>>> print(open('run.cif').read())   # mmCIF, C-alpha atoms and all ligand atoms
data_my_file
loop_
_atom_site.label_atom_id
_atom_site.label_comp_id
_atom_site.auth_asym_id
_atom_site.auth_seq_id
_atom_site.Cartn_x
_atom_site.Cartn_y
_atom_site.Cartn_z
CA MET A 3 3.89 -8.95 -6.55
CA GLY A 4 1.75 -11.94 -7.54
CA GLY A 5 4.83 -14.12 -7.64
CA ARG A 6 5.97 -12.90 -4.25
CA HIS A 7 2.55 -13.50 -2.69
CA ALA A 8 2.45 -17.00 -4.25
CA SER A 9 5.88 -17.87 -2.85
CA ASN A 10 5.04 -16.49 0.59
CA LEU A 11 1.76 -18.41 0.70
CA THR A 12 3.48 -21.61 -0.42
CA TYR A 13 6.62 -21.58 1.71
CA LEU A 14 6.34 -19.00 4.51
CA VAL A 15 2.68 -18.80 5.55
CA ALA A 16 0.93 -21.56 7.46
CA ALA A 17 -2.44 -23.09 6.54
CA ALA A 18 -2.52 -21.99 2.91
CA ASP A 19 -1.89 -23.67 -0.44
CA VAL A 20 -1.74 -21.98 -3.83
CA THR A 21 -4.16 -24.02 -5.96
CA ALA A 22 -4.62 -21.75 -8.98
CA ILE A 23 -2.63 -19.16 -10.92
CA MET A 24 -3.81 -16.81 -13.66
CA ASP A 25 -1.51 -14.58 -15.68
CA VAL A 26 -1.75 -13.35 -19.27
CA ASP A 27 1.91 -14.32 -19.55
CA SER A 28 1.58 -18.10 -19.74
CA ALA A 29 5.32 -18.68 -19.29
CA ARG A 30 5.27 -16.69 -16.05
CA ALA A 31 2.09 -18.44 -14.91
CA ASN A 32 3.69 -21.84 -15.49
CA GLU A 33 6.91 -20.83 -13.72
CA ILE A 34 5.04 -19.61 -10.65
CA ALA A 35 2.69 -22.62 -10.65
CA ALA A 36 5.68 -24.97 -10.75
CA ARG A 37 7.31 -23.00 -7.92
CA CYS A 38 4.11 -23.43 -5.90
CA GLY A 39 3.92 -27.19 -6.23
CA GLY A 40 1.81 -27.47 -9.37
CA ALA A 41 -1.09 -25.07 -9.09
CA GLN A 42 -3.80 -25.18 -11.77
CA ILE A 43 -3.20 -22.63 -14.56
CA TYR A 44 -6.13 -20.43 -15.64
CA THR A 45 -6.22 -18.08 -18.62
CA ASP A 46 -9.36 -16.31 -17.38
CA ALA A 47 -9.51 -14.54 -14.00
CA GLU A 48 -13.28 -14.95 -13.67
CA GLN A 49 -12.96 -18.72 -14.07
CA LEU A 50 -10.25 -18.83 -11.39
CA ILE A 51 -12.45 -16.82 -9.00
CA ALA A 52 -15.40 -19.17 -9.63
CA ALA A 53 -13.34 -22.38 -9.35
CA PRO A 54 -14.58 -24.56 -6.44
CA GLU A 55 -11.02 -25.42 -5.35
CA VAL A 56 -10.32 -21.69 -4.87
CA GLU A 57 -11.45 -20.59 -1.39
CA ALA A 58 -9.83 -17.12 -1.40
CA VAL A 59 -8.14 -14.90 -3.97
CA VAL A 60 -5.07 -12.64 -4.13
CA ILE A 61 -5.29 -9.95 -6.82
CA ALA A 62 -1.94 -8.62 -8.11
CA ALA A 63 -3.09 -7.67 -11.60
CA PRO A 64 -2.47 -4.27 -13.21
CA ASN A 65 -4.21 -1.51 -11.22
CA ARG A 66 -6.97 -1.00 -13.79
CA PHE A 67 -8.34 -4.50 -13.08
CA HIS A 68 -8.30 -4.32 -9.27
CA ALA A 69 -11.81 -3.00 -8.64
CA GLU A 70 -13.57 -5.22 -11.17
CA LEU A 71 -11.84 -8.40 -9.98
CA THR A 72 -12.47 -7.51 -6.34
CA ARG A 73 -16.18 -7.07 -7.09
CA GLU A 74 -16.11 -10.48 -8.81
CA CYS A 75 -14.73 -12.02 -5.62
CA ILE A 76 -17.36 -10.28 -3.50
CA ALA A 77 -20.09 -11.57 -5.83
CA ALA A 78 -18.64 -15.08 -5.47
CA GLY A 79 -18.58 -14.66 -1.66
CA LYS A 80 -14.82 -15.27 -1.57
CA PRO A 81 -12.33 -13.44 0.70
CA VAL A 82 -9.89 -11.35 -1.33
CA LEU A 83 -6.54 -9.67 -0.73
CA CYS A 84 -6.34 -6.95 -3.38
CA GLU A 85 -3.02 -5.22 -3.99
CA LYS A 86 -3.07 -1.44 -3.72
CA PRO A 87 -4.58 0.68 -5.07
CA LEU A 88 -8.09 -0.77 -4.66
CA ALA A 89 -9.17 1.14 -7.76
CA THR A 90 -7.99 3.79 -10.18
CA GLY A 91 -10.35 6.44 -8.80
CA GLY A 92 -12.84 7.33 -6.09
CA ASP A 93 -15.99 6.36 -8.01
CA GLU A 94 -14.61 2.93 -8.87
CA ALA A 95 -13.52 2.35 -5.27
CA ALA A 96 -16.98 3.40 -4.04
CA GLU A 97 -18.50 0.66 -6.21
CA VAL A 98 -16.38 -1.91 -4.38
CA VAL A 99 -17.48 -0.55 -1.00
CA ASP A 100 -21.11 -0.56 -2.14
CA ALA A 101 -20.83 -4.19 -3.31
CA GLU A 102 -19.33 -5.25 0.03
CA VAL A 103 -21.93 -3.31 2.06
CA SER A 104 -24.72 -4.86 -0.03
CA GLY A 105 -23.35 -8.29 0.84
CA GLY A 106 -23.54 -7.36 4.53
CA ARG A 107 -20.02 -8.40 5.55
CA ARG A 108 -16.36 -7.57 4.94
CA LEU A 109 -14.56 -9.83 2.45
CA VAL A 110 -11.83 -7.45 1.27
CA GLN A 111 -8.35 -6.76 2.64
CA VAL A 112 -6.34 -4.18 0.68
CA GLY A 113 -2.56 -4.64 0.25
CA LEU A 114 -1.58 -1.56 2.26
CA MET A 115 1.09 -3.71 3.89
CA ARG A 116 2.89 -1.02 5.91
CA GLN A 117 0.31 -1.89 8.60
CA TYR A 118 2.25 -5.17 9.00
CA ASP A 119 5.75 -3.64 8.98
CA PRO A 120 7.41 -4.03 12.40
CA ALA A 121 9.06 -0.58 12.14
CA HIS A 122 5.73 1.18 11.43
CA ILE A 123 3.98 -0.83 14.17
CA ALA A 124 6.67 0.15 16.69
CA VAL A 125 6.37 3.87 15.91
CA LYS A 126 2.58 3.71 16.22
CA ARG A 127 2.80 1.75 19.49
CA VAL A 128 5.14 4.32 21.09
CA SER A 129 3.00 7.21 19.90
CA ASP A 130 -0.22 5.54 21.07
CA ASN A 131 1.21 4.93 24.58
CA GLY A 132 1.20 8.72 25.02
CA ALA A 133 4.80 9.10 26.23
CA GLN A 134 5.33 11.93 23.73
CA GLY A 135 2.08 13.63 24.66
CA LYS A 136 -0.56 14.39 22.04
CA ALA A 137 0.45 13.53 18.46
CA LEU A 138 0.92 16.79 16.54
CA VAL A 139 2.70 15.97 13.26
CA PHE A 140 3.03 12.87 11.08
CA ARG A 141 5.90 12.70 8.58
CA SER A 142 6.94 10.13 6.01
CA VAL A 143 9.84 10.10 3.56
CA HIS A 144 9.51 7.65 0.67
CA ILE A 145 12.72 7.14 -1.30
CA ASN A 146 12.16 5.19 -4.52
CA SER A 147 14.12 4.40 -7.65
CA SER A 148 12.23 4.46 -10.91
CA ASP A 149 14.90 2.70 -13.03
CA GLY A 150 14.77 5.29 -15.77
CA TRP A 151 10.97 5.50 -15.91
CA ALA A 152 9.73 9.09 -15.43
CA PRO A 153 6.48 8.65 -13.47
CA SER A 154 3.69 11.22 -13.67
CA LEU A 155 2.33 13.04 -10.63
CA ASP A 156 -0.66 10.69 -10.78
CA ASP A 157 1.63 7.62 -10.86
CA VAL A 158 3.64 8.76 -7.82
CA ILE A 159 0.56 9.63 -5.77
CA THR A 160 -1.61 6.60 -6.63
CA GLY A 161 1.27 4.11 -6.88
CA SER A 162 3.64 5.24 -4.13
CA LEU A 163 2.25 7.92 -1.81
CA ILE A 164 -0.98 5.91 -1.44
CA HIS A 165 0.94 3.86 1.14
CA ASP A 166 1.98 6.95 3.08
CA ILE A 167 -1.58 8.29 2.99
CA HIS A 168 -2.79 5.08 4.62
CA SER A 169 0.09 5.15 7.13
CA ALA A 170 -0.87 8.72 8.06
CA ARG A 171 -4.53 7.77 8.74
CA TRP A 172 -3.72 4.48 10.48
CA MET A 173 -0.79 5.70 12.62
CA MET A 174 -2.44 8.98 13.68
CA GLY A 175 -5.89 7.41 14.12
CA ASP A 176 -7.24 10.49 12.42
CA GLU A 177 -8.85 11.51 9.15
CA ILE A 178 -7.20 13.77 6.56
CA VAL A 179 -9.40 16.80 5.80
CA GLY A 180 -7.08 18.88 3.60
CA VAL A 181 -4.04 18.46 1.34
CA HIS A 182 -1.62 20.75 -0.50
CA THR A 183 0.67 19.17 -3.10
CA SER A 184 3.83 20.53 -4.70
CA HIS A 185 6.15 18.70 -7.06
CA ILE A 186 9.33 18.97 -9.12
CA PRO A 187 9.04 17.52 -12.65
CA PHE A 188 11.81 15.47 -14.26
CA SER A 189 12.13 18.14 -16.93
CA SER A 190 10.46 21.39 -17.93
CA ASP A 191 9.10 19.75 -21.09
CA ARG A 192 7.38 17.10 -18.90
CA PRO A 193 5.54 19.31 -16.35
CA ASP A 194 3.14 16.44 -15.53
CA SER A 195 6.06 14.21 -14.49
CA ALA A 196 7.05 14.07 -10.84
CA ARG A 197 10.61 13.54 -9.67
CA TYR A 198 9.91 14.83 -6.14
CA VAL A 199 6.48 15.25 -4.51
CA MET A 200 5.66 16.94 -1.20
CA VAL A 201 2.19 16.91 0.33
CA GLN A 202 1.11 18.89 3.38
CA LEU A 203 -1.75 17.25 5.30
CA GLN A 204 -4.34 18.67 7.66
CA PHE A 205 -6.03 16.20 10.01
CA ALA A 206 -9.52 16.52 11.49
CA SER A 207 -7.98 16.88 14.98
CA GLY A 208 -5.91 19.88 13.83
CA ALA A 209 -2.72 17.82 13.60
CA LEU A 210 -0.50 18.29 10.55
CA GLY A 211 1.30 15.92 8.23
CA GLY A 212 4.04 15.97 5.64
CA LEU A 213 4.54 13.32 2.97
CA GLU A 214 7.60 13.32 0.72
CA CYS A 215 8.39 11.03 -2.18
CA ASN A 216 11.59 11.02 -4.20
CA ALA A 217 10.59 9.01 -7.26
CA ASP A 218 14.13 8.56 -8.53
CA ALA A 219 16.70 8.91 -5.74
CA GLY A 220 19.24 6.89 -7.69
CA TYR A 221 20.82 5.13 -4.67
CA GLY A 222 18.26 2.70 -3.24
CA TYR A 223 14.96 2.39 -1.44
CA GLU A 224 14.23 3.90 1.98
CA ILE A 225 11.10 4.58 3.98
CA GLU A 226 11.02 6.64 7.18
CA VAL A 227 8.04 7.60 9.31
CA SER A 228 7.86 9.80 12.38
CA ILE A 229 5.26 11.21 14.78
CA THR A 230 6.04 14.39 16.69
CA GLY A 231 4.23 14.81 20.02
CA GLU A 232 4.10 17.60 22.57
CA THR A 233 7.21 16.39 24.40
CA GLY A 234 9.16 14.34 21.90
CA VAL A 235 9.48 12.61 18.54
CA VAL A 236 9.35 8.92 17.65
CA HIS A 237 10.68 7.87 14.28
CA SER A 238 11.65 4.68 12.50
CA SER A 239 15.18 3.96 11.38
CA PRO A 240 15.23 4.60 7.62
CA LEU A 241 17.48 1.59 7.06
CA GLN A 242 16.81 -1.85 8.52
CA SER A 243 20.24 -3.29 7.68
CA PRO A 244 23.02 -3.57 10.32
CA VAL A 245 25.76 -0.91 10.58
CA VAL A 246 29.08 -2.38 9.45
CA ARG A 247 32.42 -0.89 10.60
CA HIS A 248 35.50 -2.14 8.75
CA SER A 249 38.84 -0.68 7.58
CA ASN A 250 38.22 2.70 9.17
CA ALA A 251 34.83 2.95 7.49
CA SER A 252 31.24 2.53 8.59
CA GLY A 253 28.16 1.97 6.49
CA GLN A 254 24.84 0.27 5.93
CA TRP A 255 23.30 -1.57 3.01
CA VAL A 256 20.47 0.37 1.41
CA GLU A 257 17.66 -1.91 0.25
CA GLU A 258 17.08 -2.17 -3.51
CA ASP A 259 13.28 -1.98 -3.49
CA TRP A 260 10.09 -2.53 -1.50
CA LEU A 261 10.27 -6.31 -1.90
CA GLN A 262 13.52 -6.27 0.08
CA ARG A 263 12.56 -3.56 2.57
CA PHE A 264 9.11 -5.01 3.33
CA SER A 265 9.83 -8.74 2.95
CA ALA A 266 8.68 -9.38 6.54
CA ALA A 267 5.64 -7.13 6.19
CA TYR A 268 4.43 -9.05 3.13
CA ILE A 269 4.73 -12.35 5.04
CA ASN A 270 2.95 -10.92 8.09
CA GLU A 271 0.25 -9.45 5.83
CA ALA A 272 -0.37 -12.79 4.10
CA GLN A 273 -0.40 -14.73 7.39
CA ALA A 274 -2.89 -12.28 8.90
CA TRP A 275 -5.05 -12.55 5.77
CA VAL A 276 -5.03 -16.38 5.83
CA GLN A 277 -5.96 -16.30 9.53
CA SER A 278 -8.84 -13.93 8.74
CA VAL A 279 -10.03 -16.37 6.06
CA LEU A 280 -9.89 -19.23 8.59
CA ASP A 281 -11.71 -17.05 11.14
CA GLY A 282 -14.34 -16.12 8.56
CA GLU A 283 -13.90 -12.43 9.37
CA ALA A 284 -11.90 -10.02 7.20
CA ALA A 285 -9.31 -7.88 9.02
CA GLY A 286 -6.57 -5.38 8.25
CA PRO A 287 -6.86 -2.49 5.78
CA SER A 288 -10.44 -2.63 4.51
CA ALA A 289 -12.10 -1.63 1.27
CA TRP A 290 -13.12 1.53 3.16
CA ASP A 291 -9.43 2.24 3.90
CA GLY A 292 -8.68 1.60 0.24
CA TYR A 293 -11.51 3.94 -0.78
CA VAL A 294 -10.52 6.77 1.57
CA SER A 295 -6.85 6.52 0.56
CA ILE A 296 -7.94 6.97 -3.06
CA LEU A 297 -10.21 9.94 -2.21
CA VAL A 298 -7.21 11.58 -0.49
CA ALA A 299 -4.96 10.65 -3.41
CA ASP A 300 -7.43 12.20 -5.87
CA ALA A 301 -7.39 15.40 -3.77
CA CYS A 302 -3.56 15.36 -3.75
CA ILE A 303 -3.54 15.06 -7.55
CA ALA A 304 -6.05 17.91 -7.96
CA SER A 305 -4.00 20.07 -5.58
CA GLY A 306 -0.81 19.39 -7.51
CA ARG A 307 -2.39 20.08 -10.87
CA GLU A 308 -4.10 23.31 -9.69
CA SER A 309 -1.39 24.46 -7.27
CA ARG A 310 -3.86 25.09 -4.45
CA PRO A 311 -4.96 23.47 -1.20
CA VAL A 312 -7.82 20.99 -1.65
CA ALA A 313 -10.29 19.94 1.05
CA VAL A 314 -11.15 16.26 1.53
CA SER A 315 -14.74 15.45 2.45
CA LEU A 316 -15.56 11.87 3.38
CA PRO A 317 -18.96 10.19 3.11
CA GLU A 318 -20.34 8.49 6.21
CA LYS A 319 -18.54 5.23 7.01
CA PRO A 320 -20.82 2.20 6.65
CA SER A 321 -21.30 0.25 9.88
CA ILE A 322 -19.64 -2.92 8.57
CA TYR A 323 -16.32 -1.05 8.76
CA GLY A 324 -16.61 -0.41 12.48
C1 LIG B 401 5.27 0.09 -5.43
O1 LIG B 401 4.21 -0.23 -6.31
C2 LIG B 401 4.88 -0.25 -4.04
O2 LIG B 401 3.77 -0.61 -3.73
C3 LIG B 401 5.89 0.09 -3.02
O3 LIG B 401 5.45 -0.28 -1.72
C4 LIG B 401 6.17 1.57 -3.09
O4 LIG B 401 7.15 1.91 -2.13
C5 LIG B 401 6.65 1.93 -4.47
O5 LIG B 401 6.91 3.31 -4.52
C6 LIG B 401 5.59 1.57 -5.51
O6 LIG B 401 6.07 1.89 -6.80
#
>>> encode(input="run.cif", output="structure tokens", more="lines below")
Ligand code: ISE
Amino acid sequence: MGGRHASNLTYLVAAADVTAIMDVDSARANEIAARCGGAQIYTDAEQLIAAPEVEAVVIAAPNRFHAELTRECIAAGKPVLCEKPLATGGDEAAEVVDAEVSGGRRLVQVGLMRQYDPAHIAVKRVSDNGAQGKALVFRSVHINSSDGWAPSLDDVITGSLIHDIHSARWMMGDEIVGVHTSHIPFSSDRPDSARYVMVQLQFASGALGGLECNADAGYGYEIEVSITGETGVVHSSPLQSPVVRHSNASGQWVEEDWLQRFSAAYINEAQAWVQSVLDGEAAGPSAWDGYVSILVADACIASGRESRPVAVSLPEKPSIYG
């Protein structure tokens, strides 16, 4: 992801230059720096964050470093785009929110990039215009391929379904107040693994939601979202590629992974972030959105482990988040 963000910021996003790269893999750091026109290589993330030539920071480190590095950026007063998840748990995410609130202004955008995906935006726009009546049910289907890696229930929820949790909140304009998780393990001797996860959502308005994730579909990568209203349904096309008819056959290319499926969303996300840096006002998915998505994810994990519905209670939203 760091390499993709660096390329987007160098070649496809206006008004930004990549001036510094840090990676524990020095060969990869040098390759990306060369690709970005000769950025300065750092071996220490804190030094990169503090560097005067660095005005804003993208964090695409392993998840366990996200919260700490984001707090470092906040302390340095530098805008930061932190890849999801914001943290590895609710308490750690709350510390990021507290640091930002203490500073008195938003500096953090979280990499919940579906908010910049044209297909998701179109579904939300149609639902918001009210043509289908009141929104009753949100659904998402997340088809992934794990390339032989058998993810745990925690991995699937915090690494994959975290996107769908944010989509549910953002697209419905509603808070999630209850979850109920079920899953199918990869094998009976790995009960904590998760090949298929289903989560039922309850929203504060009384609306319902359903999230599904196939962690190892074996054929490609697909994402579909839909909102059912009182008089109709609006849903995205699961595949973005054109339909090809040839030799008495018809078909579509199924994307390989999220980098292919969301290539435009990542560019739109980075351009919006750079514009927010220029404007001096953070926008997009906030640290609060990142925090709430993790609180919901933690509830989904508890529900799956204990095979019971789990309520989600949210603290009061600080005023800096609107
Ligand atoms: C990956 O880390 C992502 O963020 C993708 O957007 C998601 O679809 C995938 O399941 C995750 O593993």
>>> residues_near_ligand(input="run.cif", ligand="ligand LIG 401 (chain B)", cutoff="10 Å", atoms="all atoms listed in the file", output="PyMOL selection string")
chain A and resi 3+65+85-87+113-116+144-148+153+157-166+215-218+223-225+259-261+263-264
>>> closest_residue(input="run.cif", among="A:Ala121, A:Val99, A:Ala22, A:Val82", to="Asp46 of chain A", atoms="only C-alpha atoms")
A:Ala22
>>> atom_distance(input="run.cif", atom1="atom CA of Val227 of chain A", atom2="atom CA of Leu155 of chain A")
21.4 Å
>>> closest_residue(input="run.cif", among="A:Ala284, A:Leu11, A:Ile186, A:Val245", to="Arg307 of chain A", atoms="all atoms listed in the file")
A:Ile186
>>> closest_residue(input="run.cif", among="A:Ser228, A:Thr21, A:Ser265, A:Ser129", to="Gln242 of chain A", atoms="all atoms listed in the file")
A:Ser265
>>> closest_residue(input="run.cif", among="A:Glu271, A:Glu232, A:Asp149, A:Asp176", to="Ala206 of chain A", atoms="all atoms listed in the file")
A:Asp176
>>> atom_distance(input="run.cif", atom1="atom CA of Ser309 of chain A", atom2="atom CA of Gly180 of chain A")
13.5 Å
>>> axis_aligned_box(input="run.cif", around="segment 125-129 of chain A", padding_each_side="8 Å", output="AutoDock Vina command-line options")
--center_x 4.5 --center_y 4.5 --center_z 18.5 --size_x 19.8 --size_y 21.5 --size_z 21.2
>>> closest_residue(input="run.cif", among="A:His7, A:His237, A:His182, A:His248", to="Ile123 of chain A", atoms="only C-alpha atoms")
A:His237
>>> atom_distance(input="run.cif", atom1="atom CA of Gly222 of chain A", atom2="atom CA of Glu258 of chain A")
5.0 Å
>>> residues_around(input="run.cif", residues="segment 167-175 of chain A", least_positions_apart="3", cutoff="8 Å", atoms="all atoms listed in the file", output="compact mmCIF listing (two decimals) with C-alpha atoms, keeping the file's coordinate frame")
# COMPACT_ATOMS: atom_id res chain seq x y z
CA LEU A 114 -1.58 -1.56 2.26
CA ARG A 116 2.89 -1.02 5.91
CA GLN A 117 0.31 -1.89 8.60
CA LYS A 126 2.58 3.71 16.22
CA ALA A 137 0.45 13.53 18.46
CA PHE A 140 3.03 12.87 11.08
CA ARG A 141 5.90 12.70 8.58
CA LEU A 163 2.25 7.92 -1.81
CA ILE A 164 -0.98 5.91 -1.44
CA ILE A 178 -7.20 13.77 6.56
CA GLY A 211 1.30 15.92 8.23
CA LEU A 213 4.54 13.32 2.97
CA ASP A 291 -9.43 2.24 3.90
CA SER A 295 -6.85 6.52 0.56
CA VAL A 298 -7.21 11.58 -0.49
CA ALA A 299 -4.96 10.65 -3.41
>>> closest_residue(input="run.cif", among="A:Arg127, A:Arg6, A:Lys136, A:Arg37", to="Ala209 of chain A", atoms="only C-alpha atoms")
A:Lys136
>>> residues_around(input="run.cif", residues="Pro317 of chain A", least_positions_apart="4", cutoff="12 Å", atoms="only C-alpha atoms", output="number ranges by chain")
A: 92, 96, 99, 177, 179, 290, 293-294, 297
>>> residues_around(input="run.cif", residues="Ala18 of chain A", least_positions_apart="4", cutoff="9 Å", atoms="all atoms listed in the file", output="number ranges by chain")
A: 11-12, 273, 276
>>> build_atoms(input="run.cif", residues="segment 254-282 of chain A", atoms="N, CA and C atoms", output="short mmCIF file (atom, residue, chain, number, x, y, z; two decimals), in the coordinates of the input")
data_model
loop_
_atom_site.label_atom_id
_atom_site.label_comp_id
_atom_site.auth_asym_id
_atom_site.auth_seq_id
_atom_site.Cartn_x
_atom_site.Cartn_y
_atom_site.Cartn_z
N GLN A 254 26.00 1.17 5.90
CA GLN A 254 24.84 0.27 5.93
C GLN A 254 24.43 -0.02 4.50
N TRP A 255 23.85 -1.21 4.31
CA TRP A 255 23.30 -1.57 3.01
C TRP A 255 21.96 -0.87 2.85
N VAL A 256 21.76 -0.25 1.70
CA VAL A 256 20.47 0.37 1.41
C VAL A 256 19.67 -0.61 0.55
N GLU A 257 18.46 -0.93 0.99
CA GLU A 257 17.66 -1.91 0.25
C GLU A 257 17.47 -1.46 -1.21
N GLU A 258 17.27 -2.45 -2.07
CA GLU A 258 17.08 -2.17 -3.51
C GLU A 258 15.67 -1.66 -3.79
N ASP A 259 14.68 -2.30 -3.13
CA ASP A 259 13.28 -1.98 -3.49
C ASP A 259 12.37 -2.41 -2.34
N TRP A 260 11.08 -2.24 -2.55
CA TRP A 260 10.09 -2.53 -1.50
C TRP A 260 10.00 -4.01 -1.18
N LEU A 261 10.32 -4.87 -2.19
CA LEU A 261 10.27 -6.31 -1.90
C LEU A 261 11.32 -6.68 -0.86
N GLN A 262 12.48 -6.02 -0.92
CA GLN A 262 13.52 -6.27 0.08
C GLN A 262 13.15 -5.61 1.41
N ARG A 263 12.79 -4.32 1.33
CA ARG A 263 12.56 -3.56 2.57
C ARG A 263 11.38 -4.13 3.35
N PHE A 264 10.34 -4.57 2.66
CA PHE A 264 9.11 -5.01 3.33
C PHE A 264 8.89 -6.51 3.24
N SER A 265 9.99 -7.27 3.10
CA SER A 265 9.83 -8.74 2.95
C SER A 265 9.07 -9.32 4.15
N ALA A 266 9.38 -8.86 5.35
CA ALA A 266 8.68 -9.38 6.54
C ALA A 266 7.23 -8.91 6.56
N ALA A 267 7.00 -7.67 6.17
CA ALA A 267 5.64 -7.13 6.19
C ALA A 267 4.72 -7.91 5.25
N TYR A 268 5.26 -8.30 4.08
CA TYR A 268 4.43 -9.05 3.13
C TYR A 268 4.07 -10.43 3.70
N ILE A 269 5.02 -11.03 4.44
CA ILE A 269 4.73 -12.35 5.04
C ILE A 269 3.69 -12.18 6.15
N ASN A 270 3.89 -11.17 6.99
CA ASN A 270 2.95 -10.92 8.09
C ASN A 270 1.55 -10.60 7.54
N GLU A 271 1.52 -9.81 6.46
CA GLU A 271 0.25 -9.45 5.83
C GLU A 271 -0.49 -10.69 5.35
N ALA A 272 0.26 -11.59 4.65
CA ALA A 272 -0.37 -12.79 4.10
C ALA A 272 -0.81 -13.73 5.22
N GLN A 273 0.00 -13.85 6.29
CA GLN A 273 -0.40 -14.73 7.39
C GLN A 273 -1.65 -14.18 8.09
N ALA A 274 -1.71 -12.88 8.26
CA ALA A 274 -2.89 -12.28 8.90
C ALA A 274 -4.12 -12.48 8.01
N TRP A 275 -3.91 -12.37 6.70
CA TRP A 275 -5.05 -12.55 5.77
C TRP A 275 -5.55 -13.99 5.82
N VAL A 276 -4.62 -14.98 5.77
CA VAL A 276 -5.03 -16.38 5.83
C VAL A 276 -5.77 -16.66 7.14
N GLN A 277 -5.27 -16.08 8.24
CA GLN A 277 -5.96 -16.30 9.53
C GLN A 277 -7.36 -15.70 9.48
N SER A 278 -7.50 -14.54 8.81
CA SER A 278 -8.84 -13.93 8.74
C SER A 278 -9.78 -14.80 7.90
N VAL A 279 -9.21 -15.46 6.87
CA VAL A 279 -10.03 -16.37 6.06
C VAL A 279 -10.48 -17.55 6.92
N LEU A 280 -9.55 -18.10 7.71
CA LEU A 280 -9.89 -19.23 8.59
C LEU A 280 -10.92 -18.80 9.63
N ASP A 281 -10.78 -17.56 10.12
CA ASP A 281 -11.71 -17.05 11.14
C ASP A 281 -13.07 -16.68 10.55
N GLY A 282 -13.09 -16.52 9.21
CA GLY A 282 -14.34 -16.12 8.56
C GLY A 282 -14.68 -14.66 8.80
#
